[in-house]
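Q: I am sharing coords_21.cif, which consists of mmCIF, C-alpha atoms:
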```
data_my_file
loop_
_atom_site.group_PDB
_atom_site.id
_atom_site.type_symbol
_atom_site.label_atom_id
_atom_site.label_comp_id
_atom_site.auth_asym_id
_atom_site.auth_seq_id
_atom_site.Cartn_x
_atom_site.Cartn_y
_atom_site.Cartn_z
ATOM 1 C CA ILE A 1049 0.000 0.000 0.000
ATOM 2 C CA THR A 1050 2.811 2.392 0.869
ATOM 3 C CA PHE A 1051 4.705 1.646 -2.335
ATOM 4 C CA THR A 1052 1.575 2.060 -4.468
ATOM 5 C CA ALA A 1053 0.917 5.481 -2.967
ATOM 6 C CA ALA A 1054 4.502 6.660 -3.404
ATOM 7 C CA ALA A 1055 4.699 5.216 -6.924
ATOM 8 C CA GLY A 1056 1.556 7.070 -7.985
ATOM 9 C CA ALA A 1057 2.891 10.387 -6.723
ATOM 10 C CA CYS A 1058 6.243 9.727 -8.403
ATOM 11 C CA LEU A 1059 4.563 8.755 -11.677
ATOM 12 C CA LYS A 1060 2.560 11.969 -11.804
ATOM 13 C CA ALA A 1061 5.772 13.963 -11.287
ATOM 14 C CA LEU A 1062 7.762 12.029 -13.913
ATOM 15 C CA VAL A 1063 5.180 11.631 -16.684
ATOM 16 C CA GLU A 1064 3.465 14.381 -18.646
ATOM 17 C CA PRO A 1065 -0.339 14.399 -18.217
ATOM 18 C CA ARG A 1066 -0.812 13.528 -21.891
ATOM 19 C CA ASP A 1067 1.292 10.364 -21.392
ATOM 20 C CA LEU A 1068 -0.547 8.987 -18.351
ATOM 21 C CA ILE A 1069 -2.719 6.601 -20.360
ATOM 22 C CA VAL A 1070 0.325 5.126 -22.094
ATOM 23 C CA ALA A 1071 2.237 4.805 -18.820
ATOM 24 C CA ASN A 1072 -0.673 3.160 -16.994
ATOM 25 C CA GLY A 1073 -1.231 0.858 -19.963
ATOM 26 C CA ARG A 1074 2.348 -0.363 -19.787
ATOM 27 C CA PHE A 1075 2.078 -1.001 -16.055
ATOM 28 C CA GLU A 1076 -1.163 -2.907 -16.620
ATOM 29 C CA ALA A 1077 0.448 -4.965 -19.398
ATOM 30 C CA THR A 1078 3.384 -5.775 -17.136
ATOM 31 C CA THR A 1079 1.051 -6.952 -14.371
ATOM 32 C CA TRP A 1080 -0.849 -9.325 -16.634
ATOM 33 C CA THR A 1081 2.341 -10.575 -18.283
ATOM 34 C CA ALA A 1082 3.604 -11.546 -14.843
ATOM 35 C CA SER A 1083 0.283 -13.290 -14.158
ATOM 36 C CA VAL A 1084 0.669 -15.385 -17.313
ATOM 37 C CA VAL A 1085 4.401 -16.124 -17.141
ATOM 38 C CA GLY A 1086 5.074 -16.162 -13.395
ATOM 39 C CA PRO A 1087 3.245 -19.321 -12.224
ATOM 40 C CA PRO A 1088 4.636 -21.620 -14.974
ATOM 41 C CA LEU A 1089 8.151 -20.314 -14.377
ATOM 42 C CA GLY A 1090 7.738 -20.805 -10.650
ATOM 43 C CA LEU A 1091 6.601 -24.391 -11.075
ATOM 44 C CA ALA A 1092 9.461 -25.089 -13.477
ATOM 45 C CA ALA A 1093 11.972 -23.584 -11.053
ATOM 46 C CA ILE A 1094 10.627 -25.684 -8.183
ATOM 47 C CA GLY A 1095 10.995 -28.778 -10.345
ATOM 48 C CA LEU A 1096 14.587 -27.933 -11.317
ATOM 49 C CA PHE A 1097 15.993 -26.344 -8.159
ATOM 50 C CA GLY A 1098 13.594 -27.229 -5.366
ATOM 51 C CA PRO A 1099 11.322 -24.944 -3.328
ATOM 52 C CA VAL A 1100 14.023 -23.463 -1.083
ATOM 53 C CA LEU A 1101 16.246 -22.128 -3.881
ATOM 54 C CA THR A 1102 13.167 -20.928 -5.748
ATOM 55 C CA VAL A 1103 12.014 -18.880 -2.766
ATOM 56 C CA VAL A 1104 15.536 -17.466 -2.323
ATOM 57 C CA ALA A 1105 15.630 -16.489 -5.998
ATOM 58 C CA ASP A 1106 12.236 -14.849 -5.624
ATOM 59 C CA ALA A 1107 13.509 -12.830 -2.653
ATOM 60 C CA ALA A 1108 16.571 -11.762 -4.653
ATOM 61 C CA SER A 1109 14.322 -10.515 -7.434
ATOM 62 C CA TYR A 1110 13.108 -7.753 -5.120
ATOM 63 C CA LEU A 1111 16.672 -6.450 -4.979
ATOM 64 C CA LEU A 1112 16.620 -6.233 -8.766
ATOM 65 C CA SER A 1113 13.376 -4.312 -8.494
ATOM 66 C CA ALA A 1114 15.021 -1.869 -6.083
ATOM 67 C CA LEU A 1115 17.940 -1.395 -8.475
ATOM 68 C CA GLY A 1116 15.491 -0.723 -11.296
ATOM 69 C CA ILE A 1117 13.748 1.953 -9.256
ATOM 70 C CA ARG A 1118 17.082 3.480 -8.308
ATOM 71 C CA ALA A 1119 18.001 3.641 -11.993
ATOM 72 C CA ILE A 1120 15.102 6.006 -12.724
ATOM 73 C CA GLY A 1121 17.434 8.893 -11.985
ATOM 74 C CA GLY A 1122 16.523 12.530 -12.402
ATOM 75 C CA SER A 1123 14.683 14.476 -9.749
ATOM 76 C CA GLU A 1124 11.151 15.460 -8.973
ATOM 77 C CA PRO A 1125 9.957 18.848 -7.752
ATOM 78 C CA ARG A 1126 9.605 19.122 -4.011
ATOM 79 C CA PRO A 1127 5.905 18.866 -3.105
ATOM 80 C CA VAL A 1128 4.316 22.155 -2.155
ATOM 81 C CA ARG A 1129 1.589 21.739 0.411
ATOM 82 C CA PRO A 1130 -0.853 24.380 1.620
ATOM 83 C CA GLU A 1131 -0.079 25.818 5.023
ATOM 84 C CA SER A 1132 -3.155 24.157 6.453
ATOM 85 C CA THR A 1133 -1.872 20.661 5.657
ATOM 86 C CA ARG A 1134 1.598 21.077 7.137
ATOM 87 C CA GLN A 1135 0.509 20.718 10.731
ATOM 88 C CA ARG A 1136 0.680 17.152 12.007
ATOM 89 C CA HIS A 1137 -2.424 16.021 13.857
ATOM 90 C CA PRO A 1138 -4.072 12.648 14.600
ATOM 91 C CA GLY A 1139 -6.734 13.194 11.932
ATOM 92 C CA ALA A 1140 -4.175 13.675 9.155
ATOM 93 C CA VAL A 1141 -4.253 9.956 8.372
ATOM 94 C CA LEU A 1142 -7.897 10.373 7.342
ATOM 95 C CA GLU A 1143 -7.184 13.203 4.925
ATOM 96 C CA GLY A 1144 -7.073 10.887 1.921
ATOM 97 C CA TRP A 1145 -10.616 9.676 2.580
ATOM 98 C CA ARG A 1146 -11.853 13.211 3.180
ATOM 99 C CA TYR A 1147 -10.354 14.310 -0.112
ATOM 100 C CA ILE A 1148 -11.941 11.433 -2.045
ATOM 101 C CA LEU A 1149 -15.366 11.804 -0.463
ATOM 102 C CA ALA A 1150 -15.382 15.534 -1.207
ATOM 103 C CA ASN A 1151 -14.336 15.002 -4.840
ATOM 104 C CA PRO A 1152 -17.283 14.227 -7.177
ATOM 105 C CA ALA A 1153 -14.904 12.735 -9.746
ATOM 106 C CA LEU A 1154 -13.296 10.245 -7.358
ATOM 107 C CA ARG A 1155 -16.034 9.352 -4.878
ATOM 108 C CA PRO A 1156 -18.294 7.252 -7.164
ATOM 109 C CA LEU A 1157 -15.280 5.602 -8.788
ATOM 110 C CA LEU A 1158 -13.920 4.506 -5.407
ATOM 111 C CA PHE A 1159 -17.277 2.994 -4.457
ATOM 112 C CA ASN A 1160 -17.507 1.284 -7.842
ATOM 113 C CA THR A 1161 -13.967 -0.107 -7.679
ATOM 114 C CA ALA A 1162 -14.361 -1.333 -4.106
ATOM 115 C CA LEU A 1163 -17.658 -3.086 -4.844
ATOM 116 C CA VAL A 1164 -16.571 -4.633 -8.142
ATOM 117 C CA ASN A 1165 -13.244 -5.895 -6.799
ATOM 118 C CA SER A 1166 -14.900 -7.254 -3.653
ATOM 119 C CA LEU A 1167 -17.648 -9.147 -5.464
ATOM 120 C CA ILE A 1168 -15.186 -10.579 -7.980
ATOM 121 C CA MET A 1169 -12.739 -11.685 -5.282
ATOM 122 C CA ALA A 1170 -15.545 -13.123 -3.143
ATOM 123 C CA SER A 1171 -16.295 -15.663 -5.873
ATOM 124 C CA VAL A 1172 -12.710 -16.873 -6.302
ATOM 125 C CA PRO A 1173 -12.471 -19.230 -3.285
ATOM 126 C CA LEU A 1174 -16.026 -20.443 -3.883
ATOM 127 C CA LEU A 1175 -15.209 -21.263 -7.485
ATOM 128 C CA ALA A 1176 -12.100 -23.134 -6.342
ATOM 129 C CA VAL A 1177 -14.192 -25.243 -3.964
ATOM 130 C CA LEU A 1178 -16.731 -25.909 -6.713
ATOM 131 C CA MET A 1179 -14.245 -26.772 -9.458
ATOM 132 C CA LEU A 1180 -11.695 -28.728 -7.418
ATOM 133 C CA GLY A 1181 -14.312 -30.433 -5.298
ATOM 134 C CA ARG A 1182 -17.718 -31.277 -6.683
ATOM 135 C CA LEU A 1183 -16.846 -30.842 -10.380
ATOM 136 C CA GLY A 1184 -13.597 -32.829 -10.115
ATOM 137 C CA PHE A 1185 -11.213 -30.589 -12.051
ATOM 138 C CA ALA A 1186 -7.509 -31.346 -11.673
ATOM 139 C CA PRO A 1187 -5.325 -28.629 -10.124
ATOM 140 C CA TRP A 1188 -3.528 -28.074 -13.444
ATOM 141 C CA GLN A 1189 -6.877 -27.516 -15.161
ATOM 142 C CA TYR A 1190 -7.850 -24.985 -12.509
ATOM 143 C CA GLY A 1191 -4.546 -23.159 -12.993
ATOM 144 C CA LEU A 1192 -4.980 -23.201 -16.763
ATOM 145 C CA ALA A 1193 -8.479 -21.767 -16.461
ATOM 146 C CA PHE A 1194 -7.128 -18.653 -14.762
ATOM 147 C CA SER A 1195 -3.700 -18.206 -16.375
ATOM 148 C CA VAL A 1196 -4.555 -18.282 -20.097
ATOM 149 C CA PRO A 1197 -7.328 -15.632 -19.790
ATOM 150 C CA CYS A 1198 -4.722 -13.210 -18.413
ATOM 151 C CA LEU A 1199 -3.800 -12.635 -22.062
ATOM 152 C CA GLY A 1200 -6.947 -10.537 -22.116
ATOM 153 C CA GLY A 1201 -5.173 -8.165 -19.751
ATOM 154 C CA LEU A 1202 -2.465 -7.584 -22.352
ATOM 155 C CA ALA A 1203 -5.077 -6.888 -25.007
ATOM 156 C CA GLY A 1204 -7.034 -4.489 -22.800
ATOM 157 C CA SER A 1205 -3.980 -2.486 -21.809
ATOM 158 C CA ARG A 1206 -2.983 -2.076 -25.463
ATOM 159 C CA LEU A 1207 -6.480 -1.117 -26.593
ATOM 160 C CA ALA A 1208 -6.917 1.618 -23.975
ATOM 161 C CA ARG A 1209 -5.091 4.387 -25.826
ATOM 162 C CA PRO A 1210 -6.550 3.914 -29.337
ATOM 163 C CA LEU A 1211 -10.078 3.481 -28.006
ATOM 164 C CA ALA A 1212 -9.760 6.565 -25.800
ATOM 165 C CA ALA A 1213 -8.421 8.545 -28.748
ATOM 166 C CA ARG A 1214 -11.328 7.511 -30.963
ATOM 167 C CA TYR A 1215 -14.292 7.536 -28.589
ATOM 168 C CA GLY A 1216 -13.062 9.715 -25.714
ATOM 169 C CA ARG A 1217 -11.491 8.513 -22.499
ATOM 170 C CA ASP A 1218 -14.492 9.059 -20.242
ATOM 171 C CA ARG A 1219 -16.924 7.272 -22.546
ATOM 172 C CA THR A 1220 -14.508 4.368 -23.043
ATOM 173 C CA MET A 1221 -13.970 4.060 -19.299
ATOM 174 C CA ARG A 1222 -17.710 3.954 -18.604
ATOM 175 C CA VAL A 1223 -18.337 1.325 -21.270
ATOM 176 C CA ALA A 1224 -15.401 -0.843 -20.195
ATOM 177 C CA GLY A 1225 -16.402 -0.542 -16.540
ATOM 178 C CA SER A 1226 -19.942 -1.598 -17.382
ATOM 179 C CA LEU A 1227 -18.915 -4.536 -19.576
ATOM 180 C CA ARG A 1228 -16.537 -5.978 -16.964
ATOM 181 C CA ALA A 1229 -19.514 -6.401 -14.626
ATOM 182 C CA CYS A 1230 -21.463 -8.562 -17.098
ATOM 183 C CA TRP A 1231 -19.202 -11.626 -17.081
ATOM 184 C CA PRO A 1232 -18.928 -13.109 -13.542
ATOM 185 C CA LEU A 1233 -22.570 -14.247 -13.449
ATOM 186 C CA GLY A 1234 -21.629 -16.878 -16.036
ATOM 187 C CA LEU A 1235 -19.400 -18.622 -13.484
ATOM 188 C CA ALA A 1236 -22.498 -19.827 -11.642
ATOM 189 C CA PHE A 1237 -23.272 -22.123 -14.583
ATOM 190 C CA VAL A 1238 -19.918 -23.896 -14.817
ATOM 191 C CA GLY A 1239 -20.192 -27.641 -15.272
ATOM 192 C CA PRO A 1240 -17.763 -30.559 -15.359
ATOM 193 C CA GLY A 1241 -15.492 -31.551 -18.215
ATOM 194 C CA SER A 1242 -14.048 -29.577 -21.106
ATOM 195 C CA GLY A 1243 -17.245 -27.566 -21.550
ATOM 196 C CA GLY A 1244 -16.983 -26.198 -18.040
ATOM 197 C CA LEU A 1245 -13.301 -25.415 -18.490
ATOM 198 C CA VAL A 1246 -14.001 -23.493 -21.703
ATOM 199 C CA LEU A 1247 -16.811 -21.585 -19.998
ATOM 200 C CA VAL A 1248 -14.567 -20.463 -17.134
ATOM 201 C CA MET A 1249 -11.773 -19.438 -19.507
ATOM 202 C CA THR A 1250 -14.202 -17.473 -21.704
ATOM 203 C CA VAL A 1251 -15.762 -15.666 -18.753
ATOM 204 C CA GLU A 1252 -12.375 -14.879 -17.215
ATOM 205 C CA PHE A 1253 -10.978 -13.645 -20.532
ATOM 206 C CA GLY A 1254 -13.862 -11.210 -20.995
ATOM 207 C CA LEU A 1255 -13.677 -10.058 -17.387
ATOM 208 C CA ILE A 1256 -9.919 -9.496 -17.496
ATOM 209 C CA LEU A 1257 -10.042 -7.819 -20.927
ATOM 210 C CA PHE A 1258 -12.465 -5.114 -19.851
ATOM 211 C CA SER A 1259 -10.997 -4.841 -16.345
ATOM 212 C CA SER A 1260 -7.562 -4.150 -17.820
ATOM 213 C CA LEU A 1261 -9.005 -1.566 -20.192
ATOM 214 C CA PHE A 1262 -10.900 0.109 -17.355
ATOM 215 C CA ASN A 1263 -7.969 0.055 -14.914
ATOM 216 C CA THR A 1264 -5.637 1.659 -17.448
ATOM 217 C CA LEU A 1265 -7.992 4.583 -17.990
ATOM 218 C CA LEU A 1266 -8.928 4.795 -14.317
ATOM 219 C CA GLY A 1267 -5.267 5.187 -13.332
ATOM 220 C CA ALA A 1268 -4.874 8.220 -15.584
ATOM 221 C CA HIS A 1269 -8.263 9.646 -14.605
ATOM 222 C CA ARG A 1270 -7.524 9.317 -10.885
ATOM 223 C CA LEU A 1271 -4.146 11.056 -11.085
ATOM 224 C CA GLU A 1272 -5.551 13.902 -13.173
ATOM 225 C CA HIS A 1273 -8.324 14.555 -10.673
ATOM 226 C CA THR A 1274 -6.006 14.541 -7.648
ATOM 227 C CA ALA A 1275 -3.998 17.584 -6.604
ATOM 228 C CA ASN A 1276 -0.240 17.068 -6.557
ATOM 229 C CA ASP A 1277 0.010 17.475 -2.783
ATOM 230 C CA ARG A 1278 -2.722 14.884 -2.153
ATOM 231 C CA VAL A 1279 -1.702 12.009 -4.442
ATOM 232 C CA ALA A 1280 0.060 9.823 -1.850
ATOM 233 C CA ARG A 1281 -2.688 10.138 0.755
ATOM 234 C CA THR A 1282 -5.425 9.643 -1.820
ATOM 235 C CA LEU A 1283 -3.848 6.494 -3.257
ATOM 236 C CA SER A 1284 -3.199 5.152 0.240
ATOM 237 C CA ALA A 1285 -6.837 5.617 1.194
ATOM 238 C CA TRP A 1286 -7.894 4.070 -2.116
ATOM 239 C CA SER A 1287 -5.745 0.959 -1.582
ATOM 240 C CA VAL A 1288 -6.770 0.487 2.048
ATOM 241 C CA THR A 1289 -10.458 0.831 1.158
ATOM 242 C CA THR A 1290 -10.437 -1.609 -1.749
ATOM 243 C CA LYS A 1291 -8.306 -4.231 0.009
ATOM 244 C CA THR A 1292 -10.211 -4.079 3.281
ATOM 245 C CA THR A 1293 -13.573 -4.229 1.535
ATOM 246 C CA ALA A 1294 -12.459 -7.207 -0.553
ATOM 247 C CA ALA A 1295 -11.328 -9.084 2.554
ATOM 248 C CA ALA A 1296 -14.573 -8.375 4.416
ATOM 249 C CA VAL A 1297 -16.855 -9.293 1.509
ATOM 250 C CA THR A 1298 -14.869 -12.479 0.792
ATOM 251 C CA GLY A 1299 -15.358 -13.594 4.385
ATOM 252 C CA LEU A 1300 -19.046 -12.683 4.276
ATOM 253 C CA TRP A 1301 -19.556 -14.642 1.052
ATOM 254 C CA GLY A 1302 -17.858 -17.655 2.599
ATOM 255 C CA LEU A 1303 -20.450 -17.608 5.376
ATOM 256 C CA LEU A 1304 -23.198 -17.121 2.814
ATOM 257 C CA ALA A 1305 -21.982 -20.097 0.789
ATOM 258 C CA GLY A 1306 -22.200 -22.223 3.942
ATOM 259 C CA PHE A 1307 -25.959 -21.674 3.959
ATOM 260 C CA THR A 1308 -26.782 -21.446 0.250
ATOM 261 C CA GLY A 1309 -24.005 -23.407 -1.458
ATOM 262 C CA SER A 1310 -21.114 -22.159 -3.569
ATOM 263 C CA ARG A 1311 -23.028 -21.938 -6.842
ATOM 264 C CA THR A 1312 -25.835 -19.820 -5.382
ATOM 265 C CA ALA A 1313 -23.373 -17.466 -3.676
ATOM 266 C CA ILE A 1314 -21.432 -17.025 -6.926
ATOM 267 C CA ALA A 1315 -24.691 -16.258 -8.750
ATOM 268 C CA LEU A 1316 -25.681 -13.658 -6.140
ATOM 269 C CA ALA A 1317 -22.315 -11.902 -6.495
ATOM 270 C CA GLY A 1318 -22.782 -11.871 -10.270
ATOM 271 C CA VAL A 1319 -26.274 -10.370 -9.992
ATOM 272 C CA LEU A 1320 -25.070 -7.620 -7.627
ATOM 273 C CA LEU A 1321 -22.229 -6.805 -10.005
ATOM 274 C CA LEU A 1322 -24.777 -5.931 -12.689
ATOM 275 C CA ALA A 1323 -25.823 -2.899 -10.623
ATOM 276 C CA THR A 1324 -22.328 -1.461 -10.124
ATOM 277 C CA PRO A 1325 -22.150 0.467 -13.463
ATOM 278 C CA LEU A 1326 -24.643 2.956 -11.984
ATOM 279 C CA LEU A 1327 -21.753 4.409 -9.965
ATOM 280 C CA LEU A 1328 -19.765 5.102 -13.136
ATOM 281 C CA ARG A 1329 -22.193 7.602 -14.617
ATOM 282 C CA ALA A 1330 -21.112 10.527 -12.440
ATOM 283 C CA GLY A 1331 -17.429 9.942 -11.776
ATOM 284 C CA ALA A 1332 -16.228 9.777 -15.381
ATOM 285 C CA ARG A 1333 -17.898 13.037 -16.431
ATOM 286 C CA THR A 1334 -16.397 15.434 -13.910
ATOM 287 C CA GLU A 1335 -13.830 18.007 -14.954
ATOM 288 C CA PRO A 1336 -10.198 17.345 -13.941
ATOM 289 C CA THR A 1337 -8.202 19.516 -11.562
ATOM 290 C CA ALA A 1338 -6.727 22.729 -12.889
ATOM 291 C CA GLU A 1339 -3.272 21.135 -12.927
ATOM 292 C CA ALA A 1340 -4.235 18.759 -15.748
ATOM 293 C CA PRO A 1341 -5.551 19.168 -19.311
ATOM 294 C CA GLU A 1342 -8.968 18.068 -20.457
ATOM 295 C CA PRO A 1343 -9.495 14.289 -20.760
ATOM 296 C CA ALA A 1344 -10.188 14.591 -24.486
ATOM 297 C CA GLN A 1345 -6.903 16.426 -24.956
ATOM 298 C CA VAL A 1346 -5.077 13.658 -23.111
ATOM 299 C CA ALA A 1347 -6.552 11.025 -25.396
ATOM 300 C CA GLN A 1348 -5.765 12.963 -28.557
ATOM 301 C CA GLU A 1349 -2.231 13.987 -27.670
ATOM 302 C CA THR A 1350 -0.984 10.704 -26.231
ATOM 303 C CA PRO A 1351 1.883 9.623 -28.512
ATOM 304 C CA THR A 1352 2.258 6.168 -29.930
ATOM 305 C CA PRO A 1353 4.272 3.942 -27.518
#
```
Rewrite the coordinates I just gave you, this time as structure tokens.

A:
Amino acid sequence: ITFTAAAGACLKALVEPRDLIVANGRFEATTWTASVVGPPLGLAAIGLFGPVLTVVADAASYLLSALGIRAIGGSEPRPVRPESTRQRHPGAVLEGWRYILANPALRPLLFNTALVNSLIMASVPLLAVLMLGRLGFAPWQYGLAFSVPCLGGLAGSRLARPLAARYGRDRTMRVAGSLRACWPLGLAFVGPGSGGLVLVMTVEFGLILFSSLFNTLLGAHRLEHTANDRVARTLSAWSVTTKTTAAAVTGLWGLLAGFTGSRTAIALAGVLLLATPLLLRAGARTEPTAEAPEPAQVAQETPTP
């Protein structure tokens, strides 16, 4: 959470506003590439070197990450904060939430993101119980069902810029955010055998495709609508809210599944997801802060990667 907040503030200082969509698209593509490549490489490494050396190598990779961050070089302007925010007080930790809740561009998007992520994550353990238990899928089939669809994340991150340039960023974000909510309901109908495996992979591919497209545009939108001196606190509050909500809803859905069964609980999460696009109608239409150009200008001026 701390790194995400600091990275967002650093990104806004290093990247021109017109390049934010491209930058967020590349981060999104990197995330989904790791999701596709990482697990197979990890399993191969365990087979060749054993679990202990694999874990040590994984730990060493974080040192490479630190060296990569250090290699960024350059400098960023020292943040200038209003006099009223310089005083340290116990309520300062809540400033990120106050800023989001008072911002009509960020408030509905936070609620939408928290609800969508929570309802999607709540179905994951239930689907694992259903597929690996009652439906009799092998562990490798379960892994395949969720790794191959991550290719949709690569496609979505690459489509974000051209679609935003053609149709407008705000409109594209609303459509992508609405379409990502339409897929999870299909997971309630998964059956055994190859047909069920294909169904899960199709649903996950569509979900990840539109989620990646939405997240790329949301990252740029969120930074543009956040003042420079509030980025770190805003992103911290955003991360804490979404992660805490996902954990709470996942636990609640586990209890629900104990009474209704996994399939019914998955279906209920899918039905509730269909209502979440209502929160997108307001957030994507609000003007950005004075520090950033218009969204349409960002989409039109973003250079080709």

Q: Report the distance between CA of Arg1214 (chain A) and CA of Glu1272 (chain A) in Å, rounded to one decimal place.

A: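 Atom-to-atom, CA of Arg1214 (chain A) and CA of Glu1272 (chain A) are spaced 19.8 Å apart.
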
Q: Using all atoms listed in the file, find the one residue out of A:Thr1052, A:Ser1171, A:Arg1066, A:Arg1182 that sits nearest to Ala1213 (chain A).

A: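 Ranking A:Thr1052, A:Ser1171, A:Arg1066, A:Arg1182 by distance to Ala1213 (chain A), first place goes to A:Arg1066.
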
Q: Go through A:Met1221, A:Leu1261, A:Leu1089, A:Cys1230 and flag the residue nearest Arg1206 (chain A), using all atoms listed in the file for the distances.

A: A:Leu1261

Q: Could you tell me how far CA of Gly1090 (chain A) lies from CA of Ser1113 (chain A), in Å and to one decimal?

A: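 We find that CA of Gly1090 (chain A) and CA of Ser1113 (chain A) lie 17.6 Å from each other.
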
Q: Run through the PyMOL selection byres ((chain A and resi 1168) around 12) on the given coordinates and return the selected residues as a ChimeraX atom specification.

A: /A:1161-1167,1169-1175,1228-1233,1235,1251-1252,1255-1256,1259,1290,1293-1295,1297-1298,1301,1313-1322,1324

Q: Output the selection as a PDB file, in the frame of the given file - C-alpha atoms for each residue.

A:
```pdb
ATOM      1  CA  THR A1161     -13.967  -0.107  -7.679  1.00  0.00           C
ATOM      2  CA  ALA A1162     -14.361  -1.333  -4.106  1.00  0.00           C
ATOM      3  CA  LEU A1163     -17.658  -3.086  -4.844  1.00  0.00           C
ATOM      4  CA  VAL A1164     -16.571  -4.633  -8.142  1.00  0.00           C
ATOM      5  CA  ASN A1165     -13.244  -5.895  -6.799  1.00  0.00           C
ATOM      6  CA  SER A1166     -14.900  -7.254  -3.653  1.00  0.00           C
ATOM      7  CA  LEU A1167     -17.648  -9.147  -5.464  1.00  0.00           C
ATOM      8  CA  MET A1169     -12.739 -11.685  -5.282  1.00  0.00           C
ATOM      9  CA  ALA A1170     -15.545 -13.123  -3.143  1.00  0.00           C
ATOM     10  CA  SER A1171     -16.295 -15.663  -5.873  1.00  0.00           C
ATOM     11  CA  VAL A1172     -12.710 -16.873  -6.302  1.00  0.00           C
ATOM     12  CA  PRO A1173     -12.471 -19.230  -3.285  1.00  0.00           C
ATOM     13  CA  LEU A1174     -16.026 -20.443  -3.883  1.00  0.00           C
ATOM     14  CA  LEU A1175     -15.209 -21.263  -7.485  1.00  0.00           C
ATOM     15  CA  ARG A1228     -16.537  -5.978 -16.964  1.00  0.00           C
ATOM     16  CA  ALA A1229     -19.514  -6.401 -14.626  1.00  0.00           C
ATOM     17  CA  CYS A1230     -21.463  -8.562 -17.098  1.00  0.00           C
ATOM     18  CA  TRP A1231     -19.202 -11.626 -17.081  1.00  0.00           C
ATOM     19  CA  PRO A1232     -18.928 -13.109 -13.542  1.00  0.00           C
ATOM     20  CA  LEU A1233     -22.570 -14.247 -13.449  1.00  0.00           C
ATOM     21  CA  LEU A1235     -19.400 -18.622 -13.484  1.00  0.00           C
ATOM     22  CA  VAL A1251     -15.762 -15.666 -18.753  1.00  0.00           C
ATOM     23  CA  GLU A1252     -12.375 -14.879 -17.215  1.00  0.00           C
ATOM     24  CA  LEU A1255     -13.677 -10.058 -17.387  1.00  0.00           C
ATOM     25  CA  ILE A1256      -9.919  -9.496 -17.496  1.00  0.00           C
ATOM     26  CA  SER A1259     -10.997  -4.841 -16.345  1.00  0.00           C
ATOM     27  CA  THR A1290     -10.437  -1.609  -1.749  1.00  0.00           C
ATOM     28  CA  THR A1293     -13.573  -4.229   1.535  1.00  0.00           C
ATOM     29  CA  ALA A1294     -12.459  -7.207  -0.553  1.00  0.00           C
ATOM     30  CA  ALA A1295     -11.328  -9.084   2.554  1.00  0.00           C
ATOM     31  CA  VAL A1297     -16.855  -9.293   1.509  1.00  0.00           C
ATOM     32  CA  THR A1298     -14.869 -12.479   0.792  1.00  0.00           C
ATOM     33  CA  TRP A1301     -19.556 -14.642   1.052  1.00  0.00           C
ATOM     34  CA  ALA A1313     -23.373 -17.466  -3.676  1.00  0.00           C
ATOM     35  CA  ILE A1314     -21.432 -17.025  -6.926  1.00  0.00           C
ATOM     36  CA  ALA A1315     -24.691 -16.258  -8.750  1.00  0.00           C
ATOM     37  CA  LEU A1316     -25.681 -13.658  -6.140  1.00  0.00           C
ATOM     38  CA  ALA A1317     -22.315 -11.902  -6.495  1.00  0.00           C
ATOM     39  CA  GLY A1318     -22.782 -11.871 -10.270  1.00  0.00           C
ATOM     40  CA  VAL A1319     -26.274 -10.370  -9.992  1.00  0.00           C
ATOM     41  CA  LEU A1320     -25.070  -7.620  -7.627  1.00  0.00           C
ATOM     42  CA  LEU A1321     -22.229  -6.805 -10.005  1.00  0.00           C
ATOM     43  CA  LEU A1322     -24.777  -5.931 -12.689  1.00  0.00           C
ATOM     44  CA  THR A1324     -22.328  -1.461 -10.124  1.00  0.00           C
TER      45      THR A1324
END
```
